[in-house]
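Notes follow once the structure below has been shown.
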Amino acid sequence: MDFGGFGQFMSVQVPEFVADGVRWAAMTNSTIRDLDKAVPRVDGADKVTGKALYVDDLKVDGALYGRTVRSHVPHAKLKRISLDPDFDWSDVVVVTADDITGKNVVLLIEEDQPALVPEGGIIRHVDEPVALVAASDPRRAQAAMEHVRLEVEELPAVFTIEESVAKKVLLRGDDNVYKRFEILRGDDVEQALASADYVIEGTYRTGAQEQMYIEPQGMIAEWTDAGAVRLVGSLQCPYYVHKAMRELLQLDEDKVIVTQAVTGGGFGGKEEYPSMLAAHVALLAKKAKRPVRMVYDRVEDVRATTKRHPAPTRHRIGVNKDGTIVAVDVDVLIDGGAYLTLSPVVLSRGVLHSVGPYNVPHVRVVGRAMATNLPPHGAFRGFGAPQTTFAYERQIEKAAQRVGMSSLEFRRKNMLREGDVTCTGQTLKYSVGSAQVLDAVEQQIGQAPPKGSAAPPQFASVKRGKGLAFYYHGAGFTGSGEDRLKGRASVAVNAGGKFEVRSTSTDIGQGTFTIFAQLASAALDVDIKDVEMIQPSTEKAPDSGPTVASRTTMVVGSVVQKAGAQLKQRLLAFAEESGVQSGDVAELAKRYAEKHGELEETVTYHSPPGVKWDDATYRGDAYPCYGWAACYVEVAVDDDTHEVTVERCIHAVDVGHAIHPVLVKGQIEGGTLQALGWALWESVVYRNGRVANPTMTDCIIPTSIEAPEMETLVVEVPYPHGPHGAKGVGEIPMDGPAAAVANAVADALGQPFDEVPLLPEVICRQVSATAAE
Amino acid sequence: MKIRMQVNGAARELETEPMRRLLDVLREDCGLTGTKEGCGEGECGACTVLIDGKPVNSCLVPVGQVHEAELLTVEGLSDGELLTDVQRALVEHGGAQCGICTPGIAVTAESLIRREKNLDHARIRELLAGNLCRCTGYQRVVEAVAEAAAKRGGAGDE
């Protein structure tokens, strides 16, 4: 498939995959109209044949290759940028902050991060963009990049949360705190703890984690004669990029057009950073007066883009001898890195989840996001919740042991049920699958495990352990977030008489397009083959809100469903008015288009009735509903090498309703393995503020060998306001498995393990230290 | 250097520097962008192609080495619109999510089921370990390959 030049590219846009009749027919004999069926994903055929076009696959005639000159020092005053006079610059375009005529910021929550550090400005991390180069040959661009000279005056830097808290250097305000949250419930927590039979205290450390989507970040820009900039890239949130570019370039709404190319994974990593790439290619293309493409190589991607926030969490829990939890006191710290970016919202979610799905009458949670000189940490599946879940599920396990109850029994005794009240004072009115997920896991433990998981080395002496974790995850934006977002989506009859779903919720692999096609076809009562999906673009679809926060199916899906139902009513009304004798909605659409052209129904999301949240006090309904999950693992720990093998992994997740059971299982299993990776193998090593292992060889993720056979249990406790009862599923599988693994390793070795990743050297160090005592 | 090779059954002859990566020649000169680059160091397997029937990371192969060789890329798997057993199973089992690793997995899996009989999950996991996937947790991939292998009757083509 030849993509042609950029001119064609602009009019055709990214090829809009259609449920191609021939290939669909080749794949299934059955009609695929029904919901709840594992219909082949609508982009599946294109993906298995290599036809799907990712940003690096797009041919753009005349495009230059852009590269980014980065700072190489973690904290410094940038005195001067100069070009090596011995280098031939004649065919190279160079951009610095001086070329920015708009506002030099990458807008997100605050305006603190520049697109390029200006001369005289402050470099705040080691891979900060300082200048840009572009040339028609990628090797020329690379060479040019290496000949840009920076004169800097280095400043003392802060690389750890502890140094930041100690105010070793002041990076922000007078305390290095980006954001602080506090949650209080019940009476004074110190008094309550003092009244408990036992108080258990621990500090739990979780490291940075790289999203490691297999497709690195990339973006292409071209300016039109009308002064608009067109951007196509690998991204999760077209309107985030749109908003940031309007601010940077000071352009009107219609002068920035952002389109998603087929995207090779995101996991949060393509939520915010694509705005930085967009800024860079837009600036280069403007100066070059030619299209510019920029695709990161793996090293640059790992070094410069965002990762999961490292977070030490101090947790105290008071329990009585009968197994009742009396009080919880949590101190959450996350390392925000060099700029504020999304850290306040990550912190918010971390804090809100830090007490866990338990009844706790007296609560104090304090959370702080700290400034350091590491590259900014950002969104990654789970968004703060995995860090605090790790802490509380280690604590719960220790508490169960202290009072002499089993892991299951202690959790069942204290878990939230329908009608119970959370730490923010939210009464859980519906869709509470707590008991069901624990029951499902318990039942599965009794079944014979499947064959096929990796076995530990054959002759090794091993110790075996079992671990459980139980958790919940708020679906959708926190508090009043969805009401501020007002996500919109449209379902339309296009000029050709076909149905079209128009939304800017992206498909980054999770299956958005398939789910939306299913929801629209069901609402319209037409075959899924009659529904086309557009590639998300700010030019063609309204702002559906970002593709984050386990909100796409639950929130935007419900909007698609409503828009489809309204469109059907319009078409039935048209039939009545015009005397068309057909109940076939697809036929009516054709007739309508012939007569009147397009017909579009757009619906805006509103929070369900009765959801109330107070941002000032952090009290109320933190989320419209929660997903519930329990994970059970069995591990073998090698006595000599301290390597951990996951021999069994059961994961039960309450998703409300599985609109597409295969996609749902895919979400659960993919999230589970990312969590197992975080628990055991995935480590980002910083040296003087720079990632020291920026390759796939050194910054490892699990292969099919480390991955256990997954026993995935889909539990359905419907959410009355979700489409067909569905609620969020994307993130929750990431939250708990790490705690289950640490609980299992502790069980195997008879001592606590309170950090991840549990690399062999970490276990070795602790086992040796314990033995020496 | 003049390179002659068979790509997806068609003879190709091109004049190029022998040290260029096969990956780049396939993507840029042959227009076969189904083969992807994930890491550029032979770790992720997104660039897997078959050279004389064996799966190889094309990012590590200088094109000079494939002179007179027979190559199969993801574009050469399906016969027109008809998907192979592996491709079809990957779609039906949810073995392709974001899809960036999928061409490499489809190509590797094809070579496995041609080569080996009786592919159980453990063996498939071992043989697919050179193809990283960040979306699926591998479960759906392994199930898909197992099904495709069973369909071939475990008899092997070659």
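In the structure tokens, each chain is lettered A, B, ... as it comes, each chain's residues begin at 1, and ligands are numbered from 1 in order of appearance.
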> Taking only C-alpha atoms into account, what are the residues of chain A at most 7 Å from chain B, put as a PyMOL selection string?
Replying inline: chain A and resi 22-23+26-27+40-41+44-45+47-51+57+213-216+263-265+298+452-454+508-510+662-663+666+669-670+673+696-697+703-705+707+709-710
> Where does DSSP see strand (DSSP E or B) in region 414-527 of chain A, if you list the residues as a PyMOL selection string?
Replying inline: chain A and resi 415+421+427+462-475+488-493+499-502
>> Applying 9 Å and only C-alpha atoms, which residues near Arg140 (chain A) remain after dropping the ones on its own chain fewer than 4 positions away? List them as a PyMOL selection string.
In response: chain A and resi 65+91-92+134-136+144-145
>> For Ala738 (chain A), find every residue with an atom within 12 Å (counting only C-alpha atoms), except residues of its own chain fewer than 6 positions away, and show them as a PyMOL selection string.
In response: chain A and resi 204-207+385-394+467-471+630-633+646+649+671-682+744-745+753-758
> Suppose you want the space between CA of Phe87 (chain A) and CA of Arg70 (chain A); what is it in Å?
Replying inline: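 That distance, rounded to one decimal, is 18.5 Å.
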Would you pick out the contacts of His75 (chain A) at 6 Å or less, using only C-alpha atoms, so that residues sharing its chain but fewer than 2 positions from it are not included, and give the list as a short mmCIF file (atom, residue, chain, number, x, y, z; two decimals) with C-alpha atoms, in the first residue's frame?
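Ended up saving to out.cif:
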```
data_model
loop_
_atom_site.label_atom_id
_atom_site.label_comp_id
_atom_site.auth_asym_id
_atom_site.auth_seq_id
_atom_site.Cartn_x
_atom_site.Cartn_y
_atom_site.Cartn_z
CA VAL A 73 23.51 18.39 32.30
CA ILE A 123 18.03 23.60 32.29
CA ARG A 124 16.16 21.40 34.76
CA HIS A 125 16.98 17.89 33.62
CA LEU A 155 23.98 24.23 39.35
CA ALA A 157 21.03 19.15 41.38
#
```
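All residues of protein, DNA or RNA that reach within 10 Å of Ala166 (chain A), judged by only C-alpha atoms and not counting those fewer than 5 positions away in the chain, are A:Thr160, A:Ile161, A:Asp175, A:Asn176.
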Residues as selected, C-alpha atoms, written as a PDB file, in the first residue's frame, can you do that?
```
ATOM      1  CA  THR A 160      16.044  11.784  44.944  1.00  0.00           C
ATOM      2  CA  ILE A 161      12.800  12.449  46.774  1.00  0.00           C
ATOM      3  CA  ASP A 175       9.601  23.521  49.849  1.00  0.00           C
ATOM      4  CA  ASN A 176       9.980  21.740  46.467  1.00  0.00           C
TER       5      ASN A 176
END
```
